[in-house]
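Participant: Contents of coords.cif (mmCIF, C-alpha atoms):
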```
data_coords
#
loop_
_atom_site.label_atom_id
_atom_site.label_comp_id
_atom_site.auth_asym_id
_atom_site.auth_seq_id
_atom_site.Cartn_x
_atom_site.Cartn_y
_atom_site.Cartn_z
CA MET A 385 153.03 56.69 -120.48
CA THR A 386 154.94 58.33 -117.75
CA LYS A 387 154.71 61.88 -116.55
CA GLU A 388 158.16 62.55 -118.05
CA CYS A 389 156.57 62.71 -121.54
CA ASP A 390 153.95 65.29 -120.61
CA PRO A 391 156.23 68.35 -121.13
CA MET A 392 157.31 66.94 -124.50
CA LYS A 393 153.67 66.48 -125.59
CA LYS A 394 152.88 70.05 -124.56
CA LEU A 395 155.88 71.38 -126.49
CA ILE A 396 154.93 69.44 -129.65
CA ALA A 397 151.31 70.61 -129.38
CA PHE A 398 152.47 74.22 -128.91
CA VAL A 399 154.80 74.05 -131.93
CA LEU A 400 152.07 72.52 -134.14
CA ALA A 401 149.58 75.19 -133.05
CA LEU A 402 152.13 77.92 -133.77
CA VAL A 403 152.83 76.51 -137.25
CA CYS A 404 149.08 76.37 -138.00
CA VAL A 405 148.55 79.97 -136.86
CA LEU A 406 151.48 81.28 -138.90
CA GLY A 407 150.37 79.28 -141.93
CA LEU A 408 146.83 80.63 -141.77
CA SER A 409 147.96 84.20 -141.22
CA GLY A 410 150.07 83.98 -144.39
CA CYS A 411 146.97 83.19 -146.46
CA GLY A 412 145.75 86.75 -146.13
CA LEU A 413 148.98 88.16 -147.58
CA LYS A 414 148.58 86.81 -151.09
CA ASN A 415 149.63 89.36 -153.73
CA ASP A 416 146.88 89.20 -156.33
CA SER A 417 146.94 91.89 -159.03
CA ARG A 418 143.14 91.87 -159.25
CA ASN A 419 143.01 93.22 -155.68
CA GLU A 420 145.43 96.07 -156.39
CA VAL A 421 144.08 99.59 -156.53
CA MET A 422 143.27 100.47 -160.12
CA GLU A 423 143.96 103.96 -161.33
CA ASP A 424 143.79 105.40 -164.80
CA PHE A 425 144.65 108.44 -166.85
CA VAL A 426 144.26 109.66 -170.43
CA GLY A 427 147.09 110.99 -172.54
CA ILE A 428 148.57 111.54 -175.99
CA ILE A 429 151.46 109.34 -177.14
CA THR A 430 154.47 111.49 -178.02
CA SER A 431 156.97 108.67 -178.63
CA VAL A 432 156.91 104.90 -179.25
CA SER A 433 159.77 102.44 -178.69
CA GLU A 434 161.06 100.25 -181.53
CA ASN A 435 159.36 97.10 -180.26
CA ASN A 436 156.13 98.94 -179.38
CA THR A 437 156.40 98.12 -175.66
CA ASN A 438 157.23 101.54 -174.21
CA TYR A 439 155.29 104.73 -174.77
CA ILE A 440 156.00 108.30 -173.75
CA VAL A 441 152.60 109.77 -172.93
CA LYS A 442 151.65 113.36 -172.09
CA VAL A 443 148.81 113.37 -169.55
CA THR A 444 145.70 115.24 -170.79
CA ASP A 445 143.25 113.94 -168.14
CA SER A 446 144.56 112.68 -164.80
CA GLY A 447 141.47 110.50 -164.26
CA SER A 448 141.65 108.66 -160.93
CA SER A 449 145.45 108.84 -160.75
CA LYS A 450 147.69 111.17 -158.77
CA LEU A 451 149.30 112.40 -161.99
CA VAL A 452 148.94 116.01 -163.08
CA ILE A 453 147.83 117.25 -166.49
CA GLY A 454 151.01 117.92 -168.44
CA ASP A 455 153.08 115.18 -166.76
CA VAL A 456 155.14 113.21 -169.26
CA VAL A 457 155.04 109.53 -168.36
CA LEU A 458 156.98 106.47 -169.52
CA VAL A 459 154.38 103.69 -169.85
CA GLN A 460 155.99 100.25 -169.91
CA THR A 461 154.18 97.19 -171.26
CA ASP A 462 154.99 93.54 -171.95
CA VAL A 463 155.95 92.42 -175.45
CA GLU A 464 153.20 89.78 -175.19
CA ALA A 465 150.55 92.48 -174.75
CA GLY A 466 150.76 93.21 -178.48
CA TYR A 467 149.81 96.87 -178.28
CA GLN A 468 150.21 98.68 -181.61
CA TYR A 469 149.75 102.37 -180.97
CA ALA A 470 151.35 105.31 -182.75
CA VAL A 471 152.47 108.84 -182.02
CA ASN A 472 149.48 111.20 -181.48
CA ASP A 473 147.13 108.34 -180.49
CA CYS A 474 145.00 109.20 -177.48
CA ILE A 475 145.03 106.34 -174.98
CA LYS A 476 143.56 105.50 -171.58
CA VAL A 477 146.06 103.70 -169.32
CA GLY A 478 144.95 101.52 -166.42
CA PHE A 479 147.59 100.73 -163.81
CA ASN A 480 148.08 99.75 -160.17
CA GLY A 481 148.71 103.26 -158.86
CA VAL A 482 152.49 102.94 -158.65
CA VAL A 483 154.24 105.95 -160.19
CA GLU A 484 158.01 106.23 -160.00
CA GLU A 485 160.41 109.02 -160.84
CA ASN A 486 161.86 108.20 -164.26
CA THR A 487 165.62 108.10 -164.57
CA THR A 488 166.04 106.29 -167.90
CA ILE A 489 164.48 108.59 -170.50
CA SER A 490 165.13 112.31 -170.20
CA THR A 491 161.89 113.37 -171.91
CA ALA A 492 159.70 111.59 -169.32
CA ASN A 493 159.60 112.76 -165.71
CA LYS A 494 157.51 109.84 -164.36
CA SER A 495 157.35 106.10 -165.01
CA ILE A 496 154.62 103.48 -164.65
CA PRO A 497 156.23 100.05 -164.27
CA ARG A 498 153.05 97.91 -164.15
CA THR A 499 150.34 98.54 -166.73
CA PHE A 500 147.10 96.56 -166.64
CA ASP A 501 145.33 97.88 -169.68
CA ILE A 502 145.74 100.38 -172.48
CA GLU A 503 142.90 101.30 -174.80
CA LYS A 504 142.76 103.72 -177.66
CA ILE A 505 140.23 106.53 -177.34
CA ASP A 506 138.56 107.88 -180.44
CA THR A 507 138.84 111.67 -180.24
CA THR A 508 137.00 112.43 -183.50
CA GLU A 509 133.62 113.95 -182.96
CA ASN A 510 130.73 112.40 -184.81
CA ASN A 511 128.65 115.29 -186.14
CA ALA A 512 126.17 113.18 -188.10
CA GLY A 513 122.62 114.34 -187.89
#
```
Could you write out this file's structure as structure tokens?
Facilitator:
Amino acid sequence: MTKECDPMKKLIAFVLALVCVLGLSGCGLKNDSRNEVMEDFVGIITSVSENNTNYIVKVTDSGSSKLVIGDVVLVQTDVEAGYQYAVNDCIKVGFNGVVEENTTISTANKSIPRTFDIEKIDTTENNAG
């Protein structure tokens, strides 16, 4: 080969190295919900949507969240989740920490768009014994 090809080889090698570096740096940016910060709070359901996917919840224990006791929160879930809770149920809500100002339902001042888990909490005291 002649020396005329040397600059072309260097350019191709540089471009390939740059592509490899950019490709590897993108691996660390994967958005995996399991790595999101988990927060939770406890509240009483005050309203349930027709299809049982949205709940209005009054916060009774802010848990690890930035919510305040007394906040009224719209908790949105997927239809596939199959939650079947009712008004006055006490629930613990696990979510990714994102709390938005609610603009869709006037009775709720906050909204949680991404819920990971909802579990019912038994509030009856067992006085056996």
Participant: Measure the distance from atom CA of Ile440 of chain A to atom CA of Ile428 of chain A in Å and round it to one decimal.
Facilitator: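 Atom-to-atom, atom CA of Ile440 of chain A to atom CA of Ile428 of chain A, that is 8.4 Å.
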Participant: To one decimal place in Å, what is the distance between atom CA of Asn493 of chain A and atom CA of Val441 of chain A?
Facilitator: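 Calculated distance between atom CA of Asn493 of chain A and atom CA of Val441 of chain A is 10.5 Å.
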Participant: So, counting only C-alpha atoms, which residue among A:Leu402, A:Leu408, A:Ile502, A:Leu395 is closest to Asp473 of chain A?
Facilitator: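 Ranked by minimum distance to Asp473 of chain A, first place goes to A:Ile502.
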Participant: Give the answer as one residue: which of A:Asn472, A:Asn480, A:Thr430, A:Gln460 has the shortest atom-to-atom distance to Ile505 of chain A, using all atoms listed in the file?
Facilitator: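 Closest residue, counting all atoms listed in the file: A:Asn472.
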Participant: If I put a ball of radius 12 Å at (144.6, 113.9, -164.3) in the file's coordinates, which residues poke into it when counting all atoms listed in the file, written as a list in words?
Facilitator: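 Every polymer residue passing the test: Glu423, Asp424, Phe425, Val426, Gly427, Lys442, Val443, Thr444, Asp445, Ser446, Gly447, Ser448, Ser449, Lys450, Leu451, Val452, Ile453, Gly454, Asp455, Val456, Lys476 and Val477 of chain A.
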Participant: Limited to C-alpha atoms, could you put the picked residues into a file as a tab-separated table (two decimals), in the frame of the given file?
Facilitator:
```tsv
chain	number	residue	atom	x	y	z
A	423	GLU	CA	143.96	103.96	-161.33
A	424	ASP	CA	143.79	105.40	-164.80
A	425	PHE	CA	144.65	108.44	-166.85
A	426	VAL	CA	144.26	109.66	-170.43
A	427	GLY	CA	147.09	110.99	-172.54
A	442	LYS	CA	151.65	113.36	-172.09
A	443	VAL	CA	148.81	113.37	-169.55
A	444	THR	CA	145.70	115.24	-170.79
A	445	ASP	CA	143.25	113.94	-168.14
A	446	SER	CA	144.56	112.68	-164.80
A	447	GLY	CA	141.47	110.50	-164.26
A	448	SER	CA	141.65	108.66	-160.93
A	449	SER	CA	145.45	108.84	-160.75
A	450	LYS	CA	147.69	111.17	-158.77
A	451	LEU	CA	149.30	112.40	-161.99
A	452	VAL	CA	148.94	116.01	-163.08
A	453	ILE	CA	147.83	117.25	-166.49
A	454	GLY	CA	151.01	117.92	-168.44
A	455	ASP	CA	153.08	115.18	-166.76
A	456	VAL	CA	155.14	113.21	-169.26
A	476	LYS	CA	143.56	105.50	-171.58
A	477	VAL	CA	146.06	103.70	-169.32
```
Participant: Just say which residues the PyMOL selection byres ((chain A and resi 479) around 6) picks in this file, as an MDAnalysis selection string.
Facilitator: chainID A and resid 422:423 478 480:481 499:500
Participant: If you keep C-alpha atoms, can you produce a file of those selected residues as a PDB file, keeping the file's coordinate frame?
Facilitator:
```pdb
ATOM      1  CA  MET A 422     143.270 100.470-160.120  1.00  0.00           C
ATOM      2  CA  GLU A 423     143.960 103.960-161.330  1.00  0.00           C
ATOM      3  CA  GLY A 478     144.950 101.520-166.420  1.00  0.00           C
ATOM      4  CA  ASN A 480     148.080  99.750-160.170  1.00  0.00           C
ATOM      5  CA  GLY A 481     148.710 103.260-158.860  1.00  0.00           C
ATOM      6  CA  THR A 499     150.340  98.540-166.730  1.00  0.00           C
ATOM      7  CA  PHE A 500     147.100  96.560-166.640  1.00  0.00           C
TER       8      PHE A 500
END
```
Participant: What would segment 438-468 of chain A look like with N, CA and C atoms restored, written as a short mmCIF file (atom, residue, chain, number, x, y, z; two decimals), in the frame of the given file?
Facilitator:
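Produced file rebuild.cif, reproduced below:
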```
data_model
loop_
_atom_site.label_atom_id
_atom_site.label_comp_id
_atom_site.auth_asym_id
_atom_site.auth_seq_id
_atom_site.Cartn_x
_atom_site.Cartn_y
_atom_site.Cartn_z
N ASN A 438 157.13 100.37 -175.08
CA ASN A 438 157.23 101.54 -174.21
C ASN A 438 156.69 102.75 -174.94
N TYR A 439 155.89 103.53 -174.21
CA TYR A 439 155.29 104.73 -174.77
C TYR A 439 155.61 105.92 -173.88
N ILE A 440 155.91 107.04 -174.50
CA ILE A 440 156.00 108.30 -173.75
C ILE A 440 154.64 108.97 -173.96
N VAL A 441 153.97 109.26 -172.87
CA VAL A 441 152.60 109.77 -172.93
C VAL A 441 152.51 111.08 -172.15
N LYS A 442 151.91 112.09 -172.78
CA LYS A 442 151.65 113.36 -172.09
C LYS A 442 150.23 113.31 -171.54
N VAL A 443 150.10 113.48 -170.24
CA VAL A 443 148.81 113.37 -169.55
C VAL A 443 147.89 114.53 -169.95
N THR A 444 146.70 114.22 -170.45
CA THR A 444 145.70 115.24 -170.79
C THR A 444 144.51 115.21 -169.84
N ASP A 445 144.32 114.07 -169.13
CA ASP A 445 143.25 113.94 -168.14
C ASP A 445 143.79 113.00 -167.07
N SER A 446 143.95 113.49 -165.85
CA SER A 446 144.56 112.68 -164.80
C SER A 446 143.67 111.56 -164.30
N GLY A 447 142.39 111.57 -164.66
CA GLY A 447 141.47 110.50 -164.26
C GLY A 447 141.49 110.26 -162.76
N SER A 448 141.63 109.00 -162.36
CA SER A 448 141.65 108.66 -160.93
C SER A 448 143.07 108.57 -160.38
N SER A 449 144.05 108.95 -161.19
CA SER A 449 145.45 108.84 -160.75
C SER A 449 145.90 110.10 -160.01
N LYS A 450 147.10 110.03 -159.46
CA LYS A 450 147.69 111.17 -158.77
C LYS A 450 148.57 111.98 -159.71
N LEU A 451 148.54 111.64 -161.00
CA LEU A 451 149.30 112.40 -161.99
C LEU A 451 148.66 113.76 -162.20
N VAL A 452 149.41 114.65 -162.80
CA VAL A 452 148.94 116.01 -163.08
C VAL A 452 148.91 116.21 -164.58
N ILE A 453 147.90 116.94 -165.06
CA ILE A 453 147.83 117.25 -166.49
C ILE A 453 149.13 117.92 -166.90
N GLY A 454 149.74 117.42 -167.97
CA GLY A 454 151.01 117.92 -168.44
C GLY A 454 152.19 117.04 -168.07
N ASP A 455 152.01 116.13 -167.08
CA ASP A 455 153.08 115.18 -166.76
C ASP A 455 153.42 114.38 -168.00
N VAL A 456 154.69 114.06 -168.17
CA VAL A 456 155.14 113.21 -169.26
C VAL A 456 155.58 111.89 -168.64
N VAL A 457 154.91 110.80 -169.04
CA VAL A 457 155.04 109.53 -168.36
C VAL A 457 155.57 108.45 -169.30
N LEU A 458 156.52 107.66 -168.81
CA LEU A 458 156.98 106.47 -169.52
C LEU A 458 156.04 105.33 -169.12
N VAL A 459 155.30 104.80 -170.09
CA VAL A 459 154.38 103.69 -169.85
C VAL A 459 155.04 102.43 -170.40
N GLN A 460 155.32 101.48 -169.51
CA GLN A 460 155.99 100.25 -169.91
C GLN A 460 154.99 99.10 -170.00
N THR A 461 155.07 98.32 -171.08
CA THR A 461 154.18 97.19 -171.26
C THR A 461 155.00 95.94 -171.57
N ASP A 462 154.34 94.80 -171.58
CA ASP A 462 154.99 93.54 -171.95
C ASP A 462 154.93 93.38 -173.46
N VAL A 463 155.94 92.70 -174.01
CA VAL A 463 155.95 92.42 -175.45
C VAL A 463 154.72 91.59 -175.82
N GLU A 464 154.33 90.66 -174.92
CA GLU A 464 153.20 89.78 -175.19
C GLU A 464 151.87 90.53 -175.30
N ALA A 465 151.81 91.73 -174.74
CA ALA A 465 150.55 92.48 -174.75
C ALA A 465 150.11 92.81 -176.18
N GLY A 466 151.07 92.99 -177.07
CA GLY A 466 150.76 93.21 -178.48
C GLY A 466 150.13 94.55 -178.80
N TYR A 467 150.36 95.56 -177.98
CA TYR A 467 149.81 96.87 -178.28
C TYR A 467 150.47 97.43 -179.53
N GLN A 468 149.69 98.09 -180.38
CA GLN A 468 150.21 98.68 -181.61
C GLN A 468 149.68 100.09 -181.74
#
```
